[in-house]
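Asks: Just my_file.tsv, nothing more (TSV, C-alpha atoms and all ligand atoms):
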```tsv
chain	number	residue	atom	x	y	z
A	11	MET	CA	-9.15	-36.87	-22.86
A	12	ARG	CA	-9.45	-33.22	-23.94
A	13	VAL	CA	-12.80	-31.53	-23.34
A	14	LEU	CA	-14.39	-28.13	-23.93
A	15	ILE	CA	-16.56	-26.78	-21.11
A	16	THR	CA	-18.75	-23.81	-22.04
A	17	GLY	CA	-19.84	-21.63	-19.12
A	18	VAL	CA	-16.60	-22.56	-17.32
A	19	ALA	CA	-16.48	-19.36	-15.23
A	20	GLY	CA	-19.89	-20.08	-13.73
A	21	PHE	CA	-20.86	-21.96	-10.59
A	22	LEU	CA	-21.23	-25.45	-12.09
A	23	GLY	CA	-18.77	-25.05	-14.99
A	24	SER	CA	-15.87	-24.17	-12.69
A	25	HIS	CA	-16.46	-27.20	-10.43
A	26	LEU	CA	-16.78	-29.41	-13.49
A	27	ALA	CA	-13.44	-28.14	-14.82
A	28	ASP	CA	-11.86	-28.98	-11.45
A	29	ARG	CA	-13.23	-32.52	-11.66
A	30	PHE	CA	-12.04	-33.19	-15.22
A	31	LEU	CA	-8.59	-31.81	-14.36
A	32	ALA	CA	-8.46	-33.93	-11.18
A	33	GLU	CA	-9.19	-37.02	-13.31
A	34	GLY	CA	-6.15	-36.19	-15.46
A	35	HIS	CA	-7.95	-34.72	-18.49
A	36	ASP	CA	-7.18	-31.49	-20.36
A	37	VAL	CA	-9.81	-28.75	-20.26
A	38	VAL	CA	-10.50	-25.88	-22.62
A	39	GLY	CA	-12.83	-23.49	-20.80
A	40	MET	CA	-14.97	-20.97	-22.67
A	41	ASP	CA	-17.10	-18.15	-21.25
A	42	ASN	CA	-18.22	-14.61	-22.07
A	43	LEU	CA	-18.48	-13.77	-18.33
A	44	ILE	CA	-22.08	-12.54	-18.67
A	45	THR	CA	-23.06	-14.12	-15.33
A	46	GLY	CA	-19.77	-15.84	-14.44
A	47	SER	CA	-16.56	-14.54	-12.92
A	48	ARG	CA	-12.84	-15.00	-13.52
A	49	ASP	CA	-12.56	-15.48	-9.73
A	50	ASN	CA	-14.14	-18.95	-10.13
A	51	ILE	CA	-11.26	-20.13	-12.32
A	52	ALA	CA	-8.45	-17.96	-10.91
A	53	HIS	CA	-6.97	-21.01	-9.13
A	54	LEU	CA	-6.47	-22.69	-12.54
A	55	ALA	CA	-4.30	-19.90	-13.95
A	56	GLY	CA	-1.00	-21.79	-13.61
A	57	ASN	CA	-2.39	-25.17	-14.69
A	58	ARG	CA	-0.86	-26.23	-18.01
A	59	ARG	CA	-3.72	-28.63	-18.71
A	60	PHE	CA	-6.27	-25.77	-18.56
A	61	MET	CA	-6.78	-22.96	-21.04
A	62	PHE	CA	-9.42	-20.26	-21.05
A	63	ALA	CA	-11.05	-18.63	-24.08
A	64	LEU	CA	-13.21	-15.51	-23.70
A	65	HIS	CA	-16.01	-16.07	-26.22
A	66	ASP	CA	-19.78	-15.81	-26.67
A	67	VAL	CA	-20.85	-19.32	-27.70
A	68	SER	CA	-23.98	-17.97	-29.41
A	69	ARG	CA	-21.47	-17.06	-32.13
A	70	PHE	CA	-19.51	-19.63	-34.18
A	71	ILE	CA	-17.16	-21.58	-31.89
A	72	GLN	CA	-13.62	-22.31	-32.97
A	73	VAL	CA	-11.27	-24.52	-30.97
A	74	GLU	CA	-7.83	-25.55	-32.20
A	75	GLY	CA	-6.82	-29.19	-31.88
A	76	PRO	CA	-8.72	-32.37	-31.06
A	77	LEU	CA	-11.63	-32.64	-28.61
A	78	ASP	CA	-13.10	-35.77	-27.06
A	79	GLY	CA	-15.97	-34.01	-25.30
A	80	VAL	CA	-18.02	-30.82	-25.52
A	81	LEU	CA	-19.91	-30.01	-22.31
A	82	HIS	CA	-22.38	-27.21	-22.90
A	83	PHE	CA	-23.04	-25.43	-19.59
A	84	ALA	CA	-23.18	-21.81	-20.80
A	85	SER	CA	-26.50	-20.14	-19.93
A	86	PRO	CA	-27.78	-17.72	-17.35
A	87	ALA	CA	-29.34	-20.02	-14.73
A	88	SER	CA	-30.76	-17.88	-11.94
A	89	PRO	CA	-34.34	-16.71	-12.59
A	90	ILE	CA	-33.21	-13.14	-11.82
A	91	ASP	CA	-30.45	-13.43	-14.44
A	92	TYR	CA	-32.57	-14.89	-17.20
A	93	LEU	CA	-35.38	-12.42	-16.60
A	94	GLU	CA	-32.82	-9.62	-17.07
A	95	LEU	CA	-31.17	-11.36	-20.04
A	96	PRO	CA	-34.11	-12.89	-21.94
A	97	ILE	CA	-32.67	-12.66	-25.47
A	98	GLN	CA	-29.16	-13.83	-24.49
A	99	THR	CA	-30.77	-16.75	-22.63
A	100	LEU	CA	-32.82	-17.78	-25.67
A	101	LYS	CA	-29.78	-17.38	-27.92
A	102	VAL	CA	-27.34	-19.41	-25.82
A	103	GLY	CA	-29.89	-22.21	-25.41
A	104	SER	CA	-30.67	-22.32	-29.14
A	105	LEU	CA	-27.80	-20.85	-31.22
A	106	GLY	CA	-25.22	-21.69	-28.55
A	107	THR	CA	-26.38	-25.31	-28.38
A	108	HIS	CA	-26.38	-25.52	-32.18
A	109	ASN	CA	-22.82	-24.19	-32.34
A	110	ALA	CA	-21.64	-26.53	-29.58
A	111	LEU	CA	-23.26	-29.51	-31.32
A	112	GLY	CA	-21.70	-28.49	-34.62
A	113	LEU	CA	-18.29	-28.38	-32.94
A	114	ALA	CA	-18.85	-31.80	-31.35
A	115	LYS	CA	-19.80	-33.22	-34.76
A	116	ALA	CA	-16.78	-31.67	-36.49
A	117	LYS	CA	-14.39	-32.98	-33.80
A	118	ASP	CA	-16.14	-36.36	-33.45
A	119	ALA	CA	-16.52	-35.57	-29.74
A	120	ARG	CA	-19.14	-36.63	-27.20
A	121	PHE	CA	-21.69	-33.85	-26.56
A	122	PHE	CA	-23.10	-33.26	-23.08
A	123	LEU	CA	-26.02	-30.86	-22.52
A	124	ALA	CA	-26.73	-29.17	-19.18
A	125	SER	CA	-30.53	-29.18	-19.21
A	126	THR	CA	-32.76	-28.45	-16.26
A	127	SER	CA	-35.74	-29.45	-14.13
A	128	GLU	CA	-37.38	-26.31	-15.61
A	129	VAL	CA	-38.22	-28.42	-18.69
A	130	TYR	CA	-40.96	-29.87	-16.43
A	131	GLY	CA	-42.29	-26.33	-15.77
A	132	ASP	CA	-44.88	-26.10	-12.98
A	133	PRO	CA	-45.26	-29.88	-12.83
A	134	GLN	CA	-48.52	-31.77	-12.60
A	135	VAL	CA	-46.69	-35.04	-11.92
A	136	HIS	CA	-44.80	-35.28	-8.65
A	137	PRO	CA	-41.99	-36.24	-8.21
A	138	GLN	CA	-40.79	-35.75	-11.79
A	139	PRO	CA	-39.55	-38.80	-13.75
A	140	GLU	CA	-37.71	-38.29	-17.05
A	141	SER	CA	-40.76	-39.68	-18.90
A	142	TYR	CA	-42.86	-36.64	-17.87
A	143	TRP	CA	-43.20	-34.12	-20.75
A	144	GLY	CA	-43.78	-31.14	-18.51
A	145	HIS	CA	-46.16	-28.21	-18.04
A	146	VAL	CA	-44.46	-25.08	-19.34
A	147	ASN	CA	-45.94	-21.67	-20.15
A	148	PRO	CA	-44.08	-20.80	-23.38
A	149	VAL	CA	-45.04	-17.11	-23.32
A	150	GLY	CA	-44.55	-16.41	-19.59
A	151	PRO	CA	-41.38	-14.67	-18.32
A	152	ARG	CA	-39.70	-18.00	-17.48
A	153	GLY	CA	-40.44	-19.27	-21.00
A	154	VAL	CA	-37.16	-17.76	-22.25
A	155	TYR	CA	-35.20	-20.25	-20.15
A	156	ASP	CA	-37.56	-23.22	-20.18
A	157	GLU	CA	-38.21	-23.18	-23.92
A	158	ALA	CA	-34.54	-22.58	-24.76
A	159	LYS	CA	-33.63	-25.68	-22.76
A	160	ARG	CA	-36.47	-27.71	-24.31
A	161	PHE	CA	-35.24	-26.61	-27.76
A	162	ALA	CA	-31.68	-27.53	-26.72
A	163	GLU	CA	-32.81	-31.04	-25.77
A	164	ALA	CA	-34.68	-31.43	-29.10
A	165	MET	CA	-31.63	-30.18	-31.03
A	166	THR	CA	-29.35	-32.57	-29.13
A	167	MET	CA	-31.57	-35.54	-29.95
A	168	ALA	CA	-31.76	-34.44	-33.62
A	169	TYR	CA	-27.95	-34.34	-33.86
A	170	HIS	CA	-27.86	-37.75	-32.23
A	171	ARG	CA	-30.48	-39.31	-34.51
A	172	HIS	CA	-29.69	-37.50	-37.75
A	173	HIS	CA	-25.91	-37.02	-37.53
A	174	GLY	CA	-25.03	-39.88	-35.19
A	175	VAL	CA	-23.39	-37.57	-32.63
A	176	ASP	CA	-22.77	-39.33	-29.30
A	177	THR	CA	-24.87	-37.26	-26.86
A	178	ARG	CA	-25.88	-37.07	-23.19
A	179	ILE	CA	-28.51	-34.87	-21.51
A	180	VAL	CA	-28.60	-34.14	-17.78
A	181	ARG	CA	-31.66	-32.52	-16.21
A	182	ILE	CA	-30.18	-30.68	-13.24
A	183	PHE	CA	-32.34	-29.87	-10.20
A	184	ASN	CA	-31.63	-26.95	-7.81
A	185	THR	CA	-27.96	-27.12	-6.85
A	186	TYR	CA	-26.09	-25.00	-4.33
A	187	GLY	CA	-22.64	-24.56	-2.82
A	188	PRO	CA	-19.47	-22.46	-2.95
A	189	ARG	CA	-18.91	-20.20	-6.00
A	190	MET	CA	-22.55	-19.20	-6.35
A	191	ARG	CA	-22.62	-15.43	-6.79
A	192	ALA	CA	-23.66	-13.60	-3.61
A	193	ARG	CA	-26.20	-11.57	-5.59
A	194	ASP	CA	-27.30	-14.18	-8.12
A	195	GLY	CA	-30.85	-14.15	-6.79
A	196	ARG	CA	-31.23	-17.88	-6.21
A	197	VAL	CA	-32.81	-18.89	-2.96
A	198	VAL	CA	-29.87	-20.52	-1.16
A	199	SER	CA	-27.36	-17.73	-1.90
A	200	ASN	CA	-29.98	-15.07	-1.10
A	201	PHE	CA	-30.91	-16.58	2.28
A	202	VAL	CA	-27.34	-17.34	3.34
A	203	VAL	CA	-26.06	-13.86	2.45
A	204	GLN	CA	-29.08	-12.17	4.05
A	205	ALA	CA	-28.66	-14.21	7.25
A	206	ILE	CA	-24.93	-13.44	7.50
A	207	ARG	CA	-25.58	-9.72	6.99
A	208	GLY	CA	-28.47	-9.67	9.46
A	209	GLU	CA	-30.86	-8.56	6.70
A	210	PRO	CA	-34.41	-9.95	6.43
A	211	LEU	CA	-34.73	-13.28	4.58
A	212	THR	CA	-36.94	-12.63	1.53
A	213	VAL	CA	-39.44	-15.49	1.28
A	214	TYR	CA	-41.56	-15.28	-1.87
A	215	GLY	CA	-45.27	-16.09	-1.55
A	216	GLU	CA	-46.06	-17.90	1.68
A	217	GLY	CA	-42.95	-20.04	1.33
A	218	GLN	CA	-45.04	-23.18	0.88
A	219	GLN	CA	-43.59	-23.94	-2.58
A	220	THR	CA	-41.07	-26.79	-2.48
A	221	ARG	CA	-37.62	-27.42	-3.92
A	222	SER	CA	-35.10	-30.26	-3.49
A	223	PHE	CA	-31.55	-29.00	-3.01
A	224	CYS	CA	-28.48	-30.88	-4.22
A	225	TYR	CA	-24.99	-30.06	-2.93
A	226	ILE	CA	-22.45	-29.28	-5.66
A	227	SER	CA	-20.09	-32.23	-5.03
A	228	ASP	CA	-22.98	-34.71	-5.37
A	229	LEU	CA	-24.11	-33.08	-8.60
A	230	ILE	CA	-20.62	-33.13	-10.13
A	231	GLU	CA	-20.24	-36.83	-9.28
A	232	GLY	CA	-23.55	-37.59	-11.05
A	233	ILE	CA	-22.59	-35.50	-14.08
A	234	TYR	CA	-19.18	-37.13	-14.37
A	235	ARG	CA	-20.70	-40.61	-14.20
A	236	LEU	CA	-23.34	-39.69	-16.78
A	237	PHE	CA	-20.71	-38.27	-19.13
A	238	MET	CA	-18.73	-41.52	-18.89
A	239	SER	CA	-21.85	-43.71	-19.32
A	240	ASP	CA	-23.65	-44.72	-22.51
A	241	LEU	CA	-27.02	-43.19	-21.52
A	242	VAL	CA	-28.36	-41.07	-24.38
A	243	ASP	CA	-31.84	-40.35	-23.02
A	244	PRO	CA	-32.20	-37.48	-20.49
A	245	THR	CA	-31.27	-38.29	-16.90
A	246	ASN	CA	-32.35	-36.41	-13.77
A	247	ILE	CA	-29.57	-35.54	-11.34
A	248	GLY	CA	-30.67	-33.92	-8.10
A	249	ASN	CA	-31.37	-34.55	-4.45
A	250	PRO	CA	-34.86	-35.98	-3.84
A	251	HIS	CA	-35.16	-34.57	-0.30
A	252	GLU	CA	-37.90	-31.98	-0.64
A	253	PHE	CA	-38.29	-28.89	1.56
A	254	THR	CA	-40.60	-25.90	1.54
A	255	VAL	CA	-38.88	-22.55	1.00
A	256	ARG	CA	-40.01	-21.57	4.46
A	257	GLN	CA	-38.28	-24.65	5.96
A	258	LEU	CA	-35.11	-23.69	4.08
A	259	ALA	CA	-35.24	-20.18	5.56
A	260	GLU	CA	-35.60	-21.62	9.07
A	261	GLU	CA	-32.69	-24.03	8.51
A	262	VAL	CA	-30.45	-21.19	7.31
A	263	LEU	CA	-31.37	-19.12	10.38
A	264	ARG	CA	-30.62	-22.08	12.67
A	265	LEU	CA	-27.26	-22.88	11.08
A	266	THR	CA	-26.04	-19.29	10.92
A	267	GLY	CA	-27.35	-18.40	14.38
A	268	SER	CA	-28.68	-15.22	12.75
A	269	ASN	CA	-31.58	-13.29	14.23
A	270	SER	CA	-32.71	-11.96	10.84
A	271	MET	CA	-36.47	-11.66	10.37
A	272	ILE	CA	-38.41	-13.36	7.58
A	273	GLU	CA	-39.98	-10.90	5.13
A	274	TYR	CA	-42.68	-12.06	2.71
A	275	ARG	CA	-42.56	-10.83	-0.90
A	276	PRO	CA	-44.86	-11.53	-3.88
A	277	LEU	CA	-44.48	-14.91	-5.56
A	278	PRO	CA	-42.87	-14.52	-9.03
A	279	ILE	CA	-45.06	-15.34	-12.06
A	280	ASP	CA	-45.13	-19.07	-12.96
A	281	ASP	CA	-42.93	-19.99	-9.97
A	282	PRO	CA	-43.25	-23.82	-9.84
A	283	ARG	CA	-45.27	-24.88	-6.77
A	284	VAL	CA	-43.39	-28.14	-6.28
A	285	ARG	CA	-40.17	-29.73	-7.51
A	286	GLN	CA	-38.58	-33.06	-6.65
A	287	PRO	CA	-36.54	-35.33	-8.88
A	288	ASP	CA	-37.35	-38.98	-9.38
A	289	ILE	CA	-33.78	-40.32	-9.52
A	290	SER	CA	-34.61	-44.02	-10.05
A	291	ARG	CA	-32.86	-43.94	-13.44
A	292	ALA	CA	-29.60	-42.45	-12.10
A	293	ARG	CA	-29.69	-44.84	-9.14
A	294	ALA	CA	-30.21	-47.93	-11.28
A	295	LEU	CA	-28.03	-47.11	-14.29
A	296	LEU	CA	-25.27	-44.91	-12.82
A	297	GLY	CA	-25.21	-46.31	-9.29
A	298	TRP	CA	-25.46	-42.68	-8.20
A	299	GLU	CA	-27.31	-41.00	-5.39
A	300	PRO	CA	-26.61	-37.85	-3.38
A	301	LYS	CA	-24.68	-38.21	-0.12
A	302	VAL	CA	-24.47	-34.72	1.41
A	303	PRO	CA	-27.40	-33.84	3.72
A	304	LEU	CA	-28.82	-30.31	3.59
A	305	ALA	CA	-27.40	-29.20	6.96
A	306	GLU	CA	-23.87	-30.29	5.96
A	307	GLY	CA	-24.02	-28.69	2.50
A	308	LEU	CA	-25.51	-25.50	3.90
A	309	GLY	CA	-22.77	-25.43	6.57
A	310	ARG	CA	-20.06	-25.51	3.89
A	311	THR	CA	-21.91	-22.88	1.85
A	312	ILE	CA	-22.26	-20.62	4.89
A	313	ASP	CA	-18.50	-20.94	5.57
A	314	TYR	CA	-17.78	-19.99	1.96
A	315	PHE	CA	-19.97	-16.89	2.04
A	316	ARG	CA	-18.69	-15.83	5.50
A	317	HIS	CA	-15.15	-15.91	4.12
A	318	LEU	CA	-16.16	-14.14	0.88
A	319	LEU	CA	-18.12	-11.37	2.58
A	320	ALA	CA	-15.38	-10.79	5.16
A	321	GLY	CA	-12.72	-10.39	2.43
A	401	LIG	P1	-23.90	-19.56	-13.79
A	401	LIG	O1	-24.66	-18.32	-14.19
A	401	LIG	O2	-23.10	-19.52	-12.54
A	401	LIG	O3	-22.94	-20.01	-14.97
A	401	LIG	C1	-23.27	-19.91	-16.32
A	401	LIG	C2	-22.01	-19.49	-17.07
A	401	LIG	O4	-22.31	-19.42	-18.48
A	401	LIG	C3	-21.51	-18.10	-16.66
A	401	LIG	O5	-20.13	-18.14	-16.38
A	401	LIG	C4	-21.82	-17.24	-17.88
A	401	LIG	O6	-20.95	-16.14	-18.00
A	401	LIG	C5	-21.70	-18.24	-19.00
A	401	LIG	N1	-22.43	-17.85	-20.23
A	401	LIG	C6	-23.73	-17.50	-20.34
A	401	LIG	N2	-24.02	-17.20	-21.62
A	401	LIG	C7	-22.87	-17.40	-22.34
A	401	LIG	C8	-22.54	-17.29	-23.71
A	401	LIG	N3	-23.43	-16.89	-24.64
A	401	LIG	N4	-21.27	-17.59	-24.10
A	401	LIG	C9	-20.36	-17.99	-23.19
A	401	LIG	N5	-20.61	-18.12	-21.88
A	401	LIG	C10	-21.86	-17.82	-21.45
A	401	LIG	O7	-24.98	-20.75	-13.73
A	401	LIG	P2	-24.79	-22.26	-13.22
A	401	LIG	O8	-25.62	-22.45	-12.04
A	401	LIG	O9	-23.35	-22.60	-13.17
A	401	LIG	O10	-25.48	-23.06	-14.41
A	401	LIG	C11	-24.70	-23.71	-15.41
A	401	LIG	C12	-25.59	-24.53	-16.31
A	401	LIG	O11	-26.32	-25.49	-15.55
A	401	LIG	C13	-26.63	-23.70	-17.07
A	401	LIG	O12	-26.75	-24.19	-18.38
A	401	LIG	C14	-27.90	-23.93	-16.29
A	401	LIG	O13	-29.04	-23.81	-17.10
A	401	LIG	C15	-27.71	-25.36	-15.79
A	401	LIG	N6	-28.48	-25.60	-14.55
A	401	LIG	C16	-28.05	-25.15	-13.34
A	401	LIG	C17	-28.82	-25.39	-12.21
A	401	LIG	C18	-28.37	-24.96	-10.82
A	401	LIG	O14	-29.09	-25.22	-9.85
A	401	LIG	N7	-27.24	-24.33	-10.66
A	401	LIG	C19	-30.04	-26.06	-12.32
A	401	LIG	C20	-30.45	-26.48	-13.57
A	401	LIG	C21	-29.66	-26.27	-14.68
A	402	LIG	N1	-37.23	-17.70	-3.46
A	402	LIG	C1	-37.55	-17.04	-2.29
A	402	LIG	N2	-36.75	-16.00	-1.89
A	402	LIG	C2	-35.65	-15.60	-2.58
A	402	LIG	C3	-35.32	-16.28	-3.77
A	402	LIG	C4	-36.13	-17.32	-4.18
A	402	LIG	O1	-38.53	-17.38	-1.61
A	402	LIG	O2	-34.99	-14.65	-2.14
A	402	LIG	C5	-38.06	-18.85	-3.88
A	402	LIG	C6	-38.54	-18.80	-5.32
A	402	LIG	O3	-39.77	-18.11	-5.42
A	402	LIG	C7	-38.68	-20.28	-5.65
A	402	LIG	C8	-37.59	-20.94	-4.80
A	402	LIG	O4	-37.24	-20.00	-3.79
A	402	LIG	O5	-39.93	-20.76	-5.22
A	402	LIG	C9	-36.35	-21.30	-5.58
A	402	LIG	O6	-35.95	-20.16	-6.30
A	402	LIG	P1	-34.60	-20.07	-7.13
A	402	LIG	O7	-34.53	-18.68	-7.68
A	402	LIG	O8	-33.46	-20.51	-6.30
A	402	LIG	O9	-34.72	-21.13	-8.32
A	402	LIG	P2	-35.93	-21.84	-9.09
A	402	LIG	O10	-36.08	-23.14	-8.43
A	402	LIG	O11	-37.18	-21.01	-8.99
A	402	LIG	O12	-35.40	-21.93	-10.47
```
Re-express the file's structure as structure tokens.
Ligand code: NAD
Ligand code: UDP
Replies:
Amino acid sequence: MRVLITGVAGFLGSHLADRFLAEGHDVVGMDNLITGSRDNIAHLAGNRRFMFALHDVSRFIQVEGPLDGVLHFASPASPIDYLELPIQTLKVGSLGTHNALGLAKAKDARFFLASTSEVYGDPQVHPQPESYWGHVNPVGPRGVYDEAKRFAEAMTMAYHRHHGVDTRIVRIFNTYGPRMRARDGRVVSNFVVQAIRGEPLTVYGEGQQTRSFCYISDLIEGIYRLFMSDLVDPTNIGNPHEFTVRQLAEEVLRLTGSNSMIEYRPLPIDDPRVRQPDISRARALLGWEPKVPLAEGLGRTIDYFRHLLAG
């Protein structure tokens, strides 16, 4: 199989490329490096089954040769990034998805969309099953990401229904692990880097909001199974173990042995109060569930950042 992965120099895209290559497939990786880094794919430089194209997928996408899959992962994903890049975020979710779908149609390839738990917004149903339509503020600052992804899902289903493109949609919940950017602003990378440096851990609000954190290897396994399945309707992939942000901060302090303080900062606008995936669908239809407990995943992430920050 030969697949295109957009956003290949990012956190998830680079791990996904590793997985497809490990399964014996060929990978064309595309990225404009707006939030990604060549460092994430540097280890693939000598691999003859991998090629990299520097390109903004919000512009027409051209790929020579056949493709069996188009996996659209390009998009700023950290709230800090998409608040700084609102127009690029809207464009890559809308125009970028349209271009990637057009390519999949032209190549008769399977299309796979990286969607997000943010399509549920600040949810009024808890935990969130795929059948929940969400509670999103379209004109708030997070709307640029949430609405782009909701549009991307609608566009994907339209290409499926109208053009017969073979499509998959994954709704990814908070994922963490090696290759996150140290300064990407997401909670796990922030806390781990702050703890290692002995800086205060910045807890937003009172830290009572919840998230459910999935380790990268579990997520990639779920995504790979979903890609290979015949499930067209959206599927949640995430870890259902729910923690408050405050509990996460305490766990990071315990595992790093850091004596950093906790510093409270204002809660960002429209920050979801709770988030937990209902993964019944993935369990039943993909035979998938996460395996890596938080302490183990955090341990590996701490090792990665210790090494990175020391270098
Ligand atoms: P990331 O910022 O590490 O990676 C995104 C990559 O996309 C970067 O390399 C960036 O340079 C690239 N990119 C952005 N706009 C582009 C464009 N116009 N053209 C080409 N490349 C472009 O983020 P990530 O965590 O790896 O997220 C990857 C995907 O997964 C995103 O679509 C995101 O919405 C989705 N997702 C991630 C999470 C998570 O917890 N990590 C949760 C939900 C959804
Ligand atoms: N958060 C925090 N301190 C930080 C970064 C984030 O308390 O330094 C909180 C944030 O307000 C949110 C949660 O942690 O409630 C997860 O934030 P993240 O940016 O990782 O992703 P989100 O789930 O909001 O998309």
Asks: Go through chain A residue by residue and, counting all atoms listed in the file, keep those with an atom at most 6 Å from ligand LIG 402 (chain A); for each kept residue give the shortest atom pair and its distance in Å to one decimal, ordered by chain and increasing number, as a Markdown table.
Replies:
```
| residue | atom | partner | partner_atom | distance |
| --- | --- | --- | --- | --- |
| A:Ser88 | CA | A:LIG402 | O7 | 5.7 |
| A:Pro89 | CA | A:LIG402 | O7 | 5.3 |
| A:Asn184 | CA | A:LIG402 | O10 | 5.9 |
| A:Gly195 | CA | A:LIG402 | C3 | 5.8 |
| A:Arg196 | CA | A:LIG402 | O8 | 3.4 |
| A:Val197 | CA | A:LIG402 | C3 | 3.7 |
| A:Asn200 | CA | A:LIG402 | O2 | 5.1 |
| A:Thr212 | CA | A:LIG402 | O2 | 4.6 |
| A:Val213 | CA | A:LIG402 | O1 | 3.6 |
| A:Tyr214 | CA | A:LIG402 | O1 | 3.7 |
| A:Gly217 | CA | A:LIG402 | O1 | 5.9 |
| A:Gln219 | CA | A:LIG402 | O5 | 5.5 |
| A:Val255 | CA | A:LIG402 | O4 | 5.7 |
| A:Leu277 | CA | A:LIG402 | O3 | 5.7 |
| A:Pro278 | CA | A:LIG402 | O3 | 6.0 |
| A:Asp281 | CA | A:LIG402 | O5 | 5.7 |
```
Asks: Please report the interatomic distance between atom CA of Ala119 of chain A and atom CA of Val80 of chain A in Å with one decimal.
Replies: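 That distance, rounded to one decimal, is 6.5 Å.
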Asks: Name the residues in contact with Leu81 of chain A at a cut-off of 7 Å, using only C-alpha atoms, excluding same-chain residues fewer than 2 positions from it; report them as a PyMOL selection string.
Replies: chain A and resi 14-16+79+83+121-123
Asks: Please indicate the distance in Å from atom C19 of ligand LIG 401 (chain A) to atom CA of Tyr155 of chain A, rounded to one decimal place.
Replies: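 Between these atoms lies a distance of 11.0 Å.
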Asks: Would you mind listing, for every residue of chain A within 7 Å of ligand LIG 401 (chain A), the two atoms forming the shortest contact and the distance between them in Å to one decimal, using all atoms listed in the file, sorted by chain and ascending residue number, as CSV?
Replies:
```
residue,atom,partner,partner_atom,distance
A:Thr16,CA,A:LIG401,N5,6.0
A:Gly17,CA,A:LIG401,O4,3.4
A:Val18,CA,A:LIG401,O5,5.7
A:Ala19,CA,A:LIG401,O5,4.0
A:Gly20,CA,A:LIG401,O5,3.3
A:Phe21,CA,A:LIG401,O9,3.6
A:Leu22,CA,A:LIG401,O9,3.7
A:Gly23,CA,A:LIG401,O9,5.5
A:Met40,CA,A:LIG401,C9,6.2
A:Asp41,CA,A:LIG401,N5,3.6
A:Asn42,CA,A:LIG401,C9,4.2
A:Leu43,CA,A:LIG401,O6,3.4
A:Ile44,CA,A:LIG401,O6,3.8
A:Thr45,CA,A:LIG401,O6,4.0
A:Gly46,CA,A:LIG401,O5,3.0
A:Ser47,CA,A:LIG401,O5,6.1
A:His65,CA,A:LIG401,C9,5.6
A:Asp66,CA,A:LIG401,N4,3.5
A:Val67,CA,A:LIG401,N4,4.0
A:Ser68,CA,A:LIG401,N3,4.9
A:His82,CA,A:LIG401,O12,7.0
A:Phe83,CA,A:LIG401,O12,4.1
A:Ala84,CA,A:LIG401,O4,3.4
A:Ser85,CA,A:LIG401,C6,3.8
A:Pro86,CA,A:LIG401,O1,4.5
A:Ala87,CA,A:LIG401,C14,4.4
A:Ser88,CA,A:LIG401,O1,6.5
A:Gln98,CA,A:LIG401,N3,6.5
A:Thr99,CA,A:LIG401,N2,6.8
A:Val102,CA,A:LIG401,N3,4.8
A:Gly106,CA,A:LIG401,N3,6.4
A:Ala124,CA,A:LIG401,O12,5.0
A:Ser125,CA,A:LIG401,C21,5.5
A:Thr126,CA,A:LIG401,C20,4.1
A:Ser127,CA,A:LIG401,C20,6.1
A:Arg181,CA,A:LIG401,C20,6.7
A:Ile182,CA,A:LIG401,C20,4.2
A:Phe183,CA,A:LIG401,C19,4.9
A:Asn184,CA,A:LIG401,O14,3.7
A:Thr185,CA,A:LIG401,O14,3.7
A:Tyr186,CA,A:LIG401,O14,6.3
A:Met190,CA,A:LIG401,O2,6.2
```
Asks: So what do you get for atom CA of Ile247 of chain A versus atom CA of Arg171 of chain A, distance-wise?
Replies: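 Pair atom CA of Ile247 of chain A / atom CA of Arg171 of chain A returns 23.5 Å.
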Asks: With distances taken over all atoms listed in the file, which of A:Ile51, A:Ala158, A:Leu113, A:Ala320 is nearest to Leu100 of chain A?
Replies: A:Ala158
Asks: With distances taken over only C-alpha atoms, which residue among A:Arg152, A:Glu299, A:Glu74, A:Ser141 lies nearest Asp280 of chain A?
Replies: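 Of A:Arg152, A:Glu299, A:Glu74, A:Ser141, the one nearest Asp280 of chain A is A:Arg152, counting only C-alpha atoms.
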Asks: Using all atoms listed in the file, find the one residue out of A:Phe253, A:Phe161, A:Tyr314, A:Phe237 that sits nearest to Val203 of chain A.
Replies: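 Looking at the shortest contact to Val203 of chain A, the residue is A:Tyr314.
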